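*Asks:* Quick one, protein-v2.txt (compact mmCIF, C-alpha atoms and all ligand atoms):
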# COMPACT_ATOMS: atom_id res chain seq x y z
CA MET U 1 -54.42 -103.45 85.32
CA ASN U 2 -55.66 -100.49 87.27
CA PHE U 3 -58.78 -100.83 89.34
CA GLY U 4 -61.40 -98.17 89.73
CA ASN U 5 -62.63 -97.52 93.26
CA VAL U 6 -66.24 -97.44 94.34
CA LEU U 7 -67.12 -95.93 97.69
CA VAL U 8 -70.32 -97.29 99.18
CA ILE U 9 -72.20 -95.18 101.65
CA GLY U 10 -75.54 -95.39 103.35
CA SER U 11 -77.01 -95.66 106.81
CA PRO U 12 -76.42 -98.82 108.83
CA GLY U 13 -78.82 -101.57 107.82
CA VAL U 14 -79.70 -100.27 104.34
CA GLY U 15 -78.04 -103.31 102.79
CA LYS U 16 -74.50 -102.25 101.84
CA SER U 17 -72.77 -105.48 102.80
CA THR U 18 -75.43 -107.59 101.13
CA LEU U 19 -75.16 -105.51 97.97
CA ILE U 20 -71.38 -105.70 97.81
CA LYS U 21 -71.47 -109.44 98.21
CA ALA U 22 -74.05 -109.74 95.46
CA VAL U 23 -71.96 -107.61 93.10
CA LEU U 24 -68.55 -109.12 93.72
CA GLY U 25 -69.87 -112.60 94.17
CA SER U 26 -67.36 -113.70 96.72
CA ASP U 27 -65.84 -112.76 99.96
CA ILE U 28 -62.44 -111.63 98.84
CA ARG U 29 -61.75 -108.92 101.28
CA GLU U 30 -59.17 -106.95 103.11
CA THR U 31 -59.65 -104.41 105.81
CA TYR U 32 -57.93 -101.14 106.17
CA GLU U 33 -57.35 -99.83 109.65
CA GLY U 34 -57.73 -96.10 109.84
CA LYS U 35 -56.86 -94.36 113.07
CA ARG U 36 -60.38 -94.34 114.40
CA HIS U 37 -62.26 -96.23 111.77
CA VAL U 38 -61.95 -99.50 109.91
CA LEU U 39 -62.77 -99.66 106.24
CA SER U 40 -63.68 -102.85 104.43
CA VAL U 41 -62.14 -103.03 101.00
CA TYR U 42 -63.52 -105.70 98.67
CA GLU U 43 -61.94 -106.96 95.51
CA SER U 44 -62.74 -109.79 93.22
CA LEU U 45 -60.71 -110.98 90.27
CA SER U 46 -63.62 -110.91 87.95
CA VAL U 47 -64.85 -107.36 88.43
CA PRO U 48 -62.74 -104.41 87.34
CA PHE U 49 -63.43 -102.23 90.32
CA ARG U 50 -62.73 -102.30 94.02
CA VAL U 51 -65.55 -101.63 96.45
CA ILE U 52 -64.97 -99.81 99.70
CA ASP U 53 -67.51 -100.09 102.47
CA ALA U 54 -66.91 -97.07 104.64
CA GLY U 55 -69.41 -98.16 107.26
CA ASP U 56 -70.88 -95.16 108.94
CA VAL U 57 -70.55 -92.36 106.43
CA GLY U 58 -73.83 -90.54 106.74
CA GLY U 59 -74.21 -91.57 110.38
CA SER U 60 -73.53 -89.31 113.34
CA PHE U 61 -71.23 -86.37 112.80
CA TRP U 62 -68.21 -87.95 114.50
CA ALA U 63 -68.68 -91.38 112.99
CA HIS U 64 -69.02 -89.75 109.63
CA ARG U 65 -65.87 -87.69 110.11
CA ALA U 66 -63.87 -90.72 111.18
CA ALA U 67 -65.07 -92.68 108.16
CA THR U 68 -64.35 -89.87 105.72
CA THR U 69 -60.90 -89.39 107.19
CA ALA U 70 -60.23 -93.12 106.92
CA VAL U 71 -61.17 -93.14 103.23
CA LYS U 72 -58.89 -90.16 102.55
CA ARG U 73 -56.10 -91.80 104.48
CA TRP U 74 -56.57 -95.01 102.52
CA SER U 75 -56.20 -93.06 99.27
CA ARG U 76 -53.09 -91.32 100.53
CA ASP U 77 -51.44 -94.51 101.83
CA ASN U 78 -52.04 -96.18 98.49
CA ALA U 79 -50.47 -93.23 96.73
CA LEU U 80 -47.47 -93.49 99.04
CA ASP U 81 -47.18 -97.17 98.18
CA GLY U 82 -46.85 -96.14 94.57
CA ARG U 83 -50.27 -97.32 93.50
CA SER U 84 -51.89 -95.07 91.00
CA ASP U 85 -55.44 -96.31 91.40
CA ASN U 86 -56.17 -94.65 94.68
CA ASP U 87 -58.91 -92.16 94.01
CA ILE U 88 -62.57 -92.64 94.64
CA ASN U 89 -64.03 -92.82 91.13
CA VAL U 90 -67.67 -93.62 91.74
CA ILE U 91 -69.95 -93.38 94.75
CA TRP U 92 -72.85 -95.70 95.38
CA PHE U 93 -75.40 -93.86 97.44
CA CYS U 94 -77.53 -96.53 99.10
CA VAL U 95 -81.03 -95.53 100.12
CA GLU U 96 -83.64 -97.94 101.28
CA GLY U 97 -86.65 -98.53 99.06
CA LYS U 98 -88.84 -99.97 101.76
CA SER U 99 -89.32 -96.69 103.56
CA ARG U 100 -90.33 -94.25 100.89
CA LYS U 101 -90.91 -91.34 103.21
CA LEU U 102 -87.34 -91.64 104.39
CA ILE U 103 -85.85 -91.42 100.93
CA ARG U 104 -85.78 -87.65 100.93
CA GLN U 105 -84.11 -87.50 104.33
CA GLN U 106 -81.56 -90.12 103.32
CA MET U 107 -80.71 -88.11 100.22
CA THR U 108 -80.09 -85.00 102.28
CA ASP U 109 -77.80 -86.86 104.69
CA LEU U 110 -75.90 -88.48 101.89
CA ALA U 111 -75.44 -85.28 99.94
CA ARG U 112 -73.79 -83.81 103.01
CA ALA U 113 -71.74 -86.93 103.58
CA THR U 114 -70.22 -86.88 100.12
CA ASP U 115 -69.39 -83.22 100.07
CA VAL U 116 -65.67 -83.97 100.19
CA TRP U 117 -65.88 -85.96 96.94
CA ARG U 118 -67.54 -83.16 95.11
CA HIS U 119 -66.98 -84.11 91.49
CA VAL U 120 -67.21 -87.83 91.80
CA PRO U 121 -70.05 -89.45 89.82
CA ILE U 122 -72.86 -90.83 91.92
CA ILE U 123 -75.08 -93.83 91.39
CA VAL U 124 -78.05 -93.99 93.72
CA VAL U 125 -78.86 -97.58 94.60
CA ILE U 126 -82.34 -98.10 95.98
CA THR U 127 -81.78 -101.17 98.13
CA LYS U 128 -84.46 -103.64 99.22
CA SER U 129 -86.66 -102.69 96.26
CA TYR U 130 -88.95 -105.62 96.95
CA ALA U 131 -92.18 -104.04 95.76
CA GLU U 132 -92.06 -104.07 92.00
CA LEU U 133 -94.86 -101.54 91.68
CA GLU U 134 -93.05 -99.01 93.83
CA ARG U 135 -89.78 -99.08 91.94
CA ASP U 136 -90.64 -96.42 89.35
CA VAL U 137 -92.10 -94.09 91.95
CA ASN U 138 -89.00 -94.46 94.11
CA VAL U 139 -86.69 -93.74 91.20
CA GLU U 140 -88.72 -90.62 90.50
CA LEU U 141 -88.54 -89.54 94.15
CA VAL U 142 -84.78 -89.89 94.12
CA ARG U 143 -84.49 -87.97 90.88
CA GLN U 144 -86.60 -85.16 92.28
CA ALA U 145 -84.53 -85.03 95.46
CA CYS U 146 -81.37 -84.83 93.35
CA ALA U 147 -82.76 -82.16 91.05
CA ARG U 148 -83.09 -79.85 93.99
CA ARG U 149 -79.42 -80.00 94.93
CA ARG U 150 -76.74 -78.77 92.62
CA ARG U 151 -74.11 -81.15 93.90
CA LEU U 152 -76.36 -84.14 93.23
CA ARG U 153 -77.80 -82.84 90.01
CA GLU U 154 -74.36 -82.51 88.51
CA SER U 155 -72.98 -85.86 89.60
CA LEU U 156 -75.93 -88.20 89.33
CA CYS U 157 -75.35 -90.89 86.70
CA ALA U 158 -78.00 -93.46 87.42
CA VAL U 159 -80.69 -94.49 89.87
CA ILE U 160 -80.99 -98.25 90.14
CA PRO U 161 -83.51 -100.20 92.21
CA VAL U 162 -81.91 -103.39 93.47
CA VAL U 163 -82.93 -106.57 95.19
CA ALA U 164 -79.54 -108.01 96.11
CA THR U 165 -80.66 -111.40 97.39
CA THR U 166 -83.90 -113.33 97.19
CA TYR U 167 -86.51 -111.89 99.49
CA GLN U 168 -88.90 -114.48 100.86
CA LEU U 169 -92.51 -113.30 101.16
CA SER U 170 -93.87 -116.63 102.34
CA GLU U 171 -92.87 -120.27 102.12
CA THR U 172 -93.94 -120.39 98.50
CA THR U 173 -93.51 -116.83 97.21
CA PHE U 174 -90.46 -114.65 96.90
CA VAL U 175 -89.01 -111.63 95.17
CA ALA U 176 -86.13 -112.58 92.89
CA PRO U 177 -82.87 -110.61 92.83
CA GLU U 178 -82.82 -107.77 90.36
CA GLY U 179 -80.63 -104.89 89.31
CA VAL U 180 -77.14 -106.16 90.04
CA PRO U 181 -76.07 -106.60 86.39
CA GLN U 182 -77.40 -103.09 85.65
CA LEU U 183 -75.44 -101.68 88.57
CA ILE U 184 -72.23 -103.28 87.34
CA ALA U 185 -72.71 -101.88 83.86
CA ALA U 186 -73.61 -98.39 85.10
CA THR U 187 -70.61 -98.36 87.43
CA ASN U 188 -68.25 -99.31 84.67
CA ASP U 189 -69.75 -96.65 82.41
CA ALA U 190 -69.20 -94.02 85.09
CA MET U 191 -65.52 -94.91 85.53
CA PRO U 192 -62.87 -92.63 84.02
CA GLU U 193 -61.36 -93.96 80.86
CA GLY U 194 -58.12 -95.31 82.32
CA VAL U 195 -59.88 -97.79 84.58
CA ARG U 196 -62.95 -98.59 82.54
CA ALA U 197 -63.17 -102.20 81.45
CA ALA U 198 -63.76 -103.17 77.87
CA GLY U 199 -67.32 -104.04 76.94
CA GLU U 200 -66.60 -107.72 76.43
CA ASP U 201 -64.93 -108.06 79.84
CA ILE U 202 -67.94 -106.56 81.52
CA ALA U 203 -70.21 -108.84 79.53
CA ALA U 204 -68.29 -111.92 80.65
CA PHE U 205 -68.44 -110.76 84.20
CA SER U 206 -72.13 -110.04 84.04
CA LEU U 207 -72.70 -113.52 82.71
CA LYS U 208 -71.03 -115.01 85.76
CA ARG U 209 -73.08 -112.90 88.11
CA ARG U 210 -76.23 -113.77 86.22
CA ARG U 211 -75.48 -117.45 86.67
CA ALA U 212 -75.15 -117.00 90.39
CA VAL U 213 -78.39 -115.07 90.58
CA ALA U 214 -80.11 -117.64 88.36
CA ARG U 215 -79.09 -120.39 90.73
CA SER U 216 -80.53 -118.51 93.67
CA ILE U 217 -83.80 -118.06 91.79
CA VAL U 218 -83.93 -121.79 91.07
CA ALA U 219 -83.09 -122.60 94.69
CA ALA U 220 -85.91 -120.44 96.03
CA SER U 221 -88.30 -121.98 93.50
CA VAL U 222 -87.26 -125.49 94.49
CA ALA U 223 -87.98 -124.72 98.13
CA ALA U 224 -91.41 -123.45 97.13
CA GLY U 225 -92.03 -126.54 94.98
CA VAL U 226 -91.12 -128.90 97.80
CA THR U 227 -93.54 -127.10 100.12
CA VAL U 228 -96.37 -127.21 97.61
CA GLY U 229 -95.62 -130.82 96.68
CA ALA U 230 -95.88 -131.93 100.29
CA VAL U 231 -99.50 -130.85 100.54
CA PRO U 232 -101.42 -134.11 100.78
CA ILE U 233 -103.26 -134.00 97.50
CA PRO U 234 -102.02 -136.55 95.03
CA ILE U 235 -100.14 -134.96 92.16
CA SER U 236 -101.26 -136.67 89.06
CA ASP U 237 -99.55 -134.15 86.85
CA ALA U 238 -97.29 -131.16 87.19
CA LEU U 239 -100.12 -128.62 86.95
CA ILE U 240 -99.95 -128.02 90.65
CA LEU U 241 -96.54 -126.47 90.06
CA THR U 242 -97.72 -124.02 87.44
CA PRO U 243 -97.58 -120.87 89.62
CA ILE U 244 -94.11 -121.72 90.89
CA GLU U 245 -92.73 -122.60 87.49
CA THR U 246 -94.27 -119.44 86.08
CA GLY U 247 -92.56 -117.34 88.72
CA GLU U 248 -89.29 -119.19 88.18
CA VAL U 249 -89.30 -118.85 84.41
CA ASN U 250 -90.37 -115.18 84.51
CA ALA U 251 -87.67 -114.28 87.01
CA LEU U 252 -85.04 -116.01 84.87
CA ALA U 253 -86.36 -114.26 81.76
CA THR U 254 -86.02 -110.85 83.42
CA LEU U 255 -82.53 -111.75 84.56
CA TYR U 256 -81.41 -112.67 81.06
CA GLY U 257 -83.04 -109.63 79.52
CA ILE U 258 -85.72 -111.59 77.73
CA ASN U 259 -88.46 -109.06 77.29
CA LYS U 260 -92.16 -109.36 77.19
CA ASP U 261 -92.77 -108.88 73.47
CA SER U 262 -94.83 -111.42 71.56
CA THR U 263 -91.91 -113.64 70.46
CA SER U 264 -90.68 -113.87 74.03
CA LYS U 265 -94.16 -114.61 75.30
CA LYS U 266 -94.45 -117.50 72.92
CA LEU U 267 -91.10 -118.82 74.08
CA LEU U 268 -92.12 -118.57 77.74
CA SER U 269 -95.39 -120.38 77.16
CA THR U 270 -93.57 -123.15 75.29
CA ILE U 271 -91.27 -123.57 78.27
CA LEU U 272 -94.15 -123.66 80.73
CA GLU U 273 -96.03 -126.18 78.64
CA VAL U 274 -93.08 -128.53 78.76
CA GLY U 275 -92.88 -128.13 82.53
CA THR U 276 -96.54 -128.64 83.28
CA VAL U 277 -98.64 -130.54 80.78
CA SER U 278 -96.13 -132.19 78.47
CA THR U 279 -95.80 -135.92 78.14
CA ALA U 280 -92.21 -135.54 79.31
CA ALA U 281 -93.31 -134.03 82.62
CA LYS U 282 -96.01 -136.65 83.12
CA ALA U 283 -93.69 -139.50 82.25
CA ALA U 284 -91.08 -138.21 84.69
CA ILE U 285 -93.63 -138.13 87.50
CA SER U 286 -94.86 -141.66 86.89
CA ALA U 287 -91.31 -142.97 86.59
CA LEU U 288 -90.32 -141.40 89.91
CA LYS U 289 -93.45 -142.64 91.64
CA ALA U 290 -92.60 -146.13 90.50
CA VAL U 291 -88.99 -146.16 91.70
CA PRO U 292 -88.73 -149.48 93.56
CA GLY U 293 -87.59 -149.88 97.14
CA ILE U 294 -88.32 -146.34 98.30
CA ASN U 295 -89.67 -146.25 101.79
CA VAL U 296 -90.97 -142.75 102.44
CA ALA U 297 -94.35 -141.25 103.18
CA ALA U 298 -96.43 -140.23 100.18
CA SER U 299 -96.12 -136.54 101.05
CA VAL U 300 -92.34 -136.80 101.14
CA LEU U 301 -92.32 -138.64 97.84
CA ASN U 302 -94.48 -135.94 96.28
CA ALA U 303 -92.35 -133.19 97.74
CA ALA U 304 -89.21 -134.75 96.30
CA ILE U 305 -90.78 -135.19 92.89
CA ALA U 306 -92.11 -131.63 92.84
CA GLY U 307 -88.74 -130.25 93.91
CA SER U 308 -86.94 -132.32 91.27
CA ILE U 309 -89.20 -131.02 88.53
CA VAL U 310 -88.82 -127.38 89.55
CA ALA U 311 -85.05 -127.88 89.76
CA ALA U 312 -84.86 -129.52 86.34
CA MET U 313 -87.07 -126.86 84.77
CA GLY U 314 -84.97 -124.12 86.31
CA GLU U 315 -81.69 -125.61 85.17
CA GLY U 316 -83.01 -126.33 81.69
CA THR U 317 -84.43 -122.82 81.36
CA MET U 318 -81.13 -121.32 82.54
CA ARG U 319 -79.28 -123.21 79.82
CA VAL U 320 -81.73 -122.09 77.18
CA PHE U 321 -81.77 -118.42 78.21
CA GLU U 322 -78.04 -118.28 78.51
CA ARG U 323 -77.55 -119.44 74.96
CA ILE U 324 -80.08 -116.91 73.75
CA TYR U 325 -78.37 -114.22 75.82
CA LEU U 326 -75.06 -115.16 74.22
CA GLY U 327 -76.61 -114.88 70.79
CA GLU U 328 -76.06 -118.56 69.98
CA LYS U 329 -79.77 -119.17 69.67
CA THR U 330 -82.73 -116.95 68.95
CA LEU U 331 -86.03 -116.38 70.66
CA ASP U 332 -88.00 -118.05 67.92
CA ASP U 333 -86.05 -121.29 68.12
CA THR U 334 -88.96 -122.87 69.99
CA GLU U 335 -88.39 -126.37 68.63
CA TRP U 336 -84.87 -126.39 69.98
CA VAL U 337 -86.08 -125.04 73.32
CA LYS U 338 -88.70 -127.74 73.55
CA ARG U 339 -86.23 -130.50 72.77
CA THR U 340 -83.65 -129.18 75.23
CA LEU U 341 -86.14 -129.00 78.07
CA GLU U 342 -87.82 -132.28 77.30
CA SER U 343 -84.51 -134.04 77.34
CA ARG U 344 -83.70 -132.35 80.65
CA LEU U 345 -87.01 -133.59 82.05
CA SER U 346 -86.55 -137.16 80.94
CA LYS U 347 -83.45 -139.28 81.55
CA GLU U 348 -81.48 -136.73 83.54
CA LEU U 349 -84.38 -135.86 85.82
CA ILE U 350 -85.31 -139.46 86.45
CA ALA U 351 -81.73 -140.41 87.26
CA GLN U 352 -81.33 -137.47 89.62
CA GLY U 353 -84.73 -137.97 91.21
CA THR U 354 -84.04 -141.65 91.82
CA LYS U 355 -80.77 -140.82 93.51
CA LEU U 356 -82.50 -138.18 95.61
CA LEU U 357 -85.26 -140.55 96.69
CA GLY U 358 -82.66 -143.11 97.67
CA LYS U 359 -80.90 -140.61 99.90
CA VAL U 360 -84.10 -139.31 101.44
CA GLY U 361 -85.33 -142.85 102.02
CA THR U 362 -82.23 -143.96 103.91
CA GLY U 363 -81.91 -140.83 106.00
CA SER U 364 -85.55 -140.51 106.96
CA ALA U 365 -85.90 -142.75 110.02
CA GLY U 366 -87.21 -140.75 112.96
CA THR U 367 -87.14 -137.37 111.24
CA SER U 368 -90.15 -135.13 110.89
CA GLY U 369 -91.72 -134.25 107.58
CA LYS U 370 -90.41 -130.73 107.85
CA GLU U 371 -86.84 -131.92 108.36
CA GLN U 372 -87.18 -134.28 105.45
CA ARG U 373 -88.41 -131.46 103.23
CA ARG U 374 -85.51 -129.32 104.32
CA ALA U 375 -83.14 -132.17 103.49
CA ILE U 376 -84.69 -132.52 100.04
CA VAL U 377 -84.27 -128.80 99.35
CA GLY U 378 -80.68 -129.02 100.57
CA LEU U 379 -79.85 -131.95 98.31
CA LEU U 380 -81.49 -130.44 95.25
CA THR U 381 -80.01 -127.01 95.85
CA SER U 382 -76.48 -128.28 96.34
CA ALA U 383 -76.85 -130.20 93.10
CA ILE U 384 -77.67 -126.91 91.39
CA THR U 385 -74.85 -124.93 92.94
CA SER U 386 -72.29 -127.60 92.19
CA SER U 387 -73.52 -128.41 88.73
CA LYS U 388 -71.07 -127.32 86.14
CA ASP U 389 -71.75 -124.00 84.54
CA ALA U 390 -74.72 -123.89 82.28
CA GLY U 391 -74.07 -122.76 78.78
CA ALA U 392 -72.41 -123.87 75.63
CA SER U 393 -70.23 -126.62 77.05
CA SER U 394 -72.93 -128.48 78.93
CA ALA U 395 -75.60 -127.82 76.37
CA LYS U 396 -73.70 -129.28 73.46
CA GLY U 397 -75.22 -132.25 71.82
CA ASP U 398 -78.73 -130.89 71.97
CA ALA U 399 -78.25 -128.25 69.34
N1 LIG U 401 -83.61 -110.64 101.36
C1 LIG U 401 -82.85 -109.55 101.31
N2 LIG U 401 -82.37 -109.03 102.46
C2 LIG U 401 -81.59 -107.93 102.39
C3 LIG U 401 -81.29 -107.30 101.16
N3 LIG U 401 -80.50 -106.22 101.41
C4 LIG U 401 -80.33 -106.19 102.75
N4 LIG U 401 -80.98 -107.22 103.35
C5 LIG U 401 -81.04 -107.52 104.79
O1 LIG U 401 -81.01 -106.31 105.53
C6 LIG U 401 -80.18 -106.41 106.65
C7 LIG U 401 -79.09 -105.36 106.64
O2 LIG U 401 -78.26 -105.58 105.53
P1 LIG U 401 -76.68 -105.28 105.54
O3 LIG U 401 -76.18 -105.64 104.20
O4 LIG U 401 -76.01 -105.90 106.69
O5 LIG U 401 -76.71 -103.70 105.74
P2 LIG U 401 -75.48 -102.70 105.99
O6 LIG U 401 -75.50 -102.39 107.43
O7 LIG U 401 -75.80 -101.51 105.17
O8 LIG U 401 -74.21 -103.39 105.56
C8 LIG U 401 -79.62 -107.84 106.64
O9 LIG U 401 -80.40 -108.63 107.49
C9 LIG U 401 -79.79 -108.27 105.21
O10 LIG U 401 -79.97 -109.65 105.09
C10 LIG U 401 -81.82 -107.89 99.95
O11 LIG U 401 -81.62 -107.42 98.81
N5 LIG U 401 -82.60 -108.99 100.10
MG MG U 402 -72.49 -103.80 106.65
Since I need it in another form, could you write the structure as structure tokens?
Ligand SMILES: Nc1nc2c(ncn2[C@@H]2O[C@H](COP(=O)(O)OP(=O)(O)O)[C@@H](O)[C@H]2O)c(=O)[nH]1
Ligand SMILES: [Mg+2]
*Replies:*
Amino acid sequence: MNFGNVLVIGSPGVGKSTLIKAVLGSDIRETYEGKRHVLSVYESLSVPFRVIDAGDVGGSFWAHRAATTAVKRWSRDNALDGRSDNDINVIWFCVEGKSRKLIRQQMTDLARATDVWRHVPIIVVITKSYAELERDVNVELVRQACARRRRLRESLCAVIPVVATTYQLSETTFVAPEGVPQLIAATNDAMPEGVRAAGEDIAAFSLKRRRAVARSIVAASVAAGVTVGAVPIPISDALILTPIETGEVNALATLYGINKDSTSKKLLSTILEVGTVSTAAKAAISALKAVPGINVAASVLNAAIAGSIVAAMGEGTMRVFERIYLGEKTLDDTEWVKRTLESRLSKELIAQGTKLLGKVGTGSAGTSGKEQRRAIVGLLTSAITSSKDAGASSAKGDA
């Protein structure tokens, strides 16, 4: 199969490498040595396009020239090797969302930098779009900047704000990744027909990427839960975790395209009820508190319990949303959602939590509370990343 080629450009530090990793999901990579410039060419089996990080295009004049020449040389060498997929088909223009006043300048630089690929479609990626409220304004700024230049006006296909990896605002708050699935879809749409992937292939790929992003959302939430849980007030119920679970569930909902209409709202509140005030949540907490033979400080015990609940809620919600996303279940299947989550919060959670407490208990001699909390997050997070893929196979039996 022929691959399309995406050229990524943007000033150093805007987040190109981070973005590419988030899109391709792995580190499969080769480098191409130009005469004066090294290109990084990324491929992954599961995405139908290759991504080329040209480094300094848009930097100083000479660096820019060397990079452009290297990209052209790469195309030519591929052609000489008999490969037909050697053209640049789409350009990702990366501009940084954090510094709004710089957006205009970045657009000017990039327009100049891409002059040699005059008719290639462009997708502007607004990297580091951490501030949700600024996203629309930034998109508008980029569109205005493009409207003023013919070259950009004619080639612009999409403007996509992206948070490539979780951005931590404090120990307990973070901005979840956003925009990567949209970028993949827009890129595929912009590809010429010969290299464009079929809709279902792109959907399967997006599902994989969504899973990876979902896990990172759950991991960040678990870390927040462990921090909150360690605060020395006794947790009698899971209410203390409400803000974290709300953030977790909302971020997952956005990721799986579950909107904010009334049916979805009802679904989300059902989920949160299970995680906070349900008998299942309360029973899980008492069971874990009563695990015999655990020798850890109360704050560590609470932290582990809080982390376990946030992890279980995240995993359960992932399973639920994925099946809705796949069309196997519908948004108004609240009874099924409730049962799925409650079962996740009961036996499975207690078994996992008991195991976790055992590990924390044995490894805790002489370590500080902070180290213990970090160990808890590590154990819970690795359980999430190694857990088999959520979805139909693991969710069977609760339908
Ligand atoms: N948390 C977070 N950090 C980011 C994101 N994008 C870029 N960064 C950070 O910004 C810095 C520069 O990113 P990098 O990908 O190396 O930029 P490049 O020079 O354009 O390849 C690194 O420290 C990244 O971790 C993002 O979406 N989220
Ligand atoms: Mg880089």
*Asks:* Go through the chains and note each residue within 12 Å of ligand LIG 401 (chain U), using only C-alpha atoms and all ligand atoms, then give the set as a VMD selection string.
*Replies:* chain U and resid 8 to 23 40 52 to 59 92 to 98 125 to 131 161 to 170 174 to 180 213 216 220
*Asks:* Extract, using all atoms listed in the file, all DNA, RNA and protein residues at most 8 Å from segment 81-85 of chain U, discarding same-chain residues fewer than 6 positions from it, and format them as JSON, numbers by chain.
*Replies:* {"U": [2, 3, 4, 5]}
*Asks:* Identify, on the basis of only C-alpha atoms, every residue whose closest approach to segment 371-377 of chain U does not exceed 10 Å; exclude the query and any residue fewer than 5 positions from it along the same chain; express the result as a PDB file with C-alpha atoms, in the frame of the given file.
*Replies:*
ATOM      1  CA  ALA U 219     -83.090-122.600  94.690  1.00  0.00           C
ATOM      2  CA  ALA U 220     -85.910-120.440  96.030  1.00  0.00           C
ATOM      3  CA  SER U 221     -88.300-121.980  93.500  1.00  0.00           C
ATOM      4  CA  VAL U 222     -87.260-125.490  94.490  1.00  0.00           C
ATOM      5  CA  ALA U 223     -87.980-124.720  98.130  1.00  0.00           C
ATOM      6  CA  ALA U 224     -91.410-123.450  97.130  1.00  0.00           C
ATOM      7  CA  GLY U 225     -92.030-126.540  94.980  1.00  0.00           C
ATOM      8  CA  VAL U 226     -91.120-128.900  97.800  1.00  0.00           C
ATOM      9  CA  THR U 227     -93.540-127.100 100.120  1.00  0.00           C
ATOM     10  CA  GLY U 229     -95.620-130.820  96.680  1.00  0.00           C
ATOM     11  CA  ALA U 230     -95.880-131.930 100.290  1.00  0.00           C
ATOM     12  CA  VAL U 296     -90.970-142.750 102.440  1.00  0.00           C
ATOM     13  CA  SER U 299     -96.120-136.540 101.050  1.00  0.00           C
ATOM     14  CA  VAL U 300     -92.340-136.800 101.140  1.00  0.00           C
ATOM     15  CA  LEU U 301     -92.320-138.640  97.840  1.00  0.00           C
ATOM     16  CA  ALA U 303     -92.350-133.190  97.740  1.00  0.00           C
ATOM     17  CA  ALA U 304     -89.210-134.750  96.300  1.00  0.00           C
ATOM     18  CA  ILE U 305     -90.780-135.190  92.890  1.00  0.00           C
ATOM     19  CA  GLY U 307     -88.740-130.250  93.910  1.00  0.00           C
ATOM     20  CA  SER U 308     -86.940-132.320  91.270  1.00  0.00           C
ATOM     21  CA  ALA U 311     -85.050-127.880  89.760  1.00  0.00           C
ATOM     22  CA  LEU U 356     -82.500-138.180  95.610  1.00  0.00           C
ATOM     23  CA  LEU U 357     -85.260-140.550  96.690  1.00  0.00           C
ATOM     24  CA  LYS U 359     -80.900-140.610  99.900  1.00  0.00           C
ATOM     25  CA  VAL U 360     -84.100-139.310 101.440  1.00  0.00           C
ATOM     26  CA  GLY U 361     -85.330-142.850 102.020  1.00  0.00           C
ATOM     27  CA  GLY U 363     -81.910-140.830 106.000  1.00  0.00           C
ATOM     28  CA  SER U 364     -85.550-140.510 106.960  1.00  0.00           C
ATOM     29  CA  ALA U 365     -85.900-142.750 110.020  1.00  0.00           C
ATOM     30  CA  GLY U 366     -87.210-140.750 112.960  1.00  0.00           C
ATOM     31  CA  SER U 382     -76.480-128.280  96.340  1.00  0.00           C
ATOM     32  CA  ALA U 383     -76.850-130.200  93.100  1.00  0.00           C
TER      33      ALA U 383
END
*Asks:* Work out how far apart atom CA of Leu341 of chain U and atom CA of Ile285 of chain U are and give it in Å to one decimal.
*Replies:* 15.1 Å
*Asks:* Go ahead and compute the interatomic distance for atom CA of Asn78 of chain U and atom CA of Tyr32 of chain U, in Å to one decimal.
*Replies:*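 Taking atom CA of Asn78 of chain U as the start and atom CA of Tyr32 of chain U as the end point, the length is 10.9 Å.
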*Asks:* Kindly give the distance, in Å, that separates atom CA of Val139 of chain U and atom CA of Val249 of chain U, rounded to a single decimal.
*Replies:*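 Computed distance, atom CA of Val139 of chain U to atom CA of Val249 of chain U, equals 26.1 Å.
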*Asks:* Hey, what's within 8 Å of segment 344-346 of chain U if we count all atoms listed in the file and toss same-chain stuff fewer than 5 positions away? As a list in words, please?
*Replies:* Ala280, Ala281, Ala283, Ala284, Ile309, Ala312, Met313 and Gly316 of chain U
*Asks:* Restricting the calculation to all atoms listed in the file: of U:Ala351, U:Ile294, U:Ala197, U:Val231, which residue gets closest to Ser46 of chain U?
*Replies:*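 The answer is U:Ala197, which sits nearest to Ser46 of chain U.
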*Asks:* Identify which of the residues U:Val310, U:Leu141, U:Ala251, U:Val47 lies closest to Arg104 of chain U, counting all atoms listed in the file when measuring atom-to-atom distances.
*Replies:* U:Leu141
*Asks:* Name the closest residue to Leu255 of chain U among the candidates U:Arg210, U:Ala306, U:Leu239, U:Val274; distances are taken between atoms, counting all atoms listed in the file.
*Replies:*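 Distance minimum relative to Leu255 of chain U lands on U:Arg210.
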*Asks:* So which residues fall inside 7 Å of (-79.0, -115.2, 83.2) if we count only C-alpha atoms? Mind giving them as a ChimeraX atom specification?
*Replies:* /U:207,210-211,214,252,255-256,318,321-322
*Asks:* How would the residues just picked look written out with C-alpha atoms as a PDB file, in the frame of the given file?
*Replies:*
ATOM      1  CA  LEU U 207     -72.700-113.520  82.710  1.00  0.00           C
ATOM      2  CA  ARG U 210     -76.230-113.770  86.220  1.00  0.00           C
ATOM      3  CA  ARG U 211     -75.480-117.450  86.670  1.00  0.00           C
ATOM      4  CA  ALA U 214     -80.110-117.640  88.360  1.00  0.00           C
ATOM      5  CA  LEU U 252     -85.040-116.010  84.870  1.00  0.00           C
ATOM      6  CA  LEU U 255     -82.530-111.750  84.560  1.00  0.00           C
ATOM      7  CA  TYR U 256     -81.410-112.670  81.060  1.00  0.00           C
ATOM      8  CA  MET U 318     -81.130-121.320  82.540  1.00  0.00           C
ATOM      9  CA  PHE U 321     -81.770-118.420  78.210  1.00  0.00           C
ATOM     10  CA  GLU U 322     -78.040-118.280  78.510  1.00  0.00           C
TER      11      GLU U 322
END
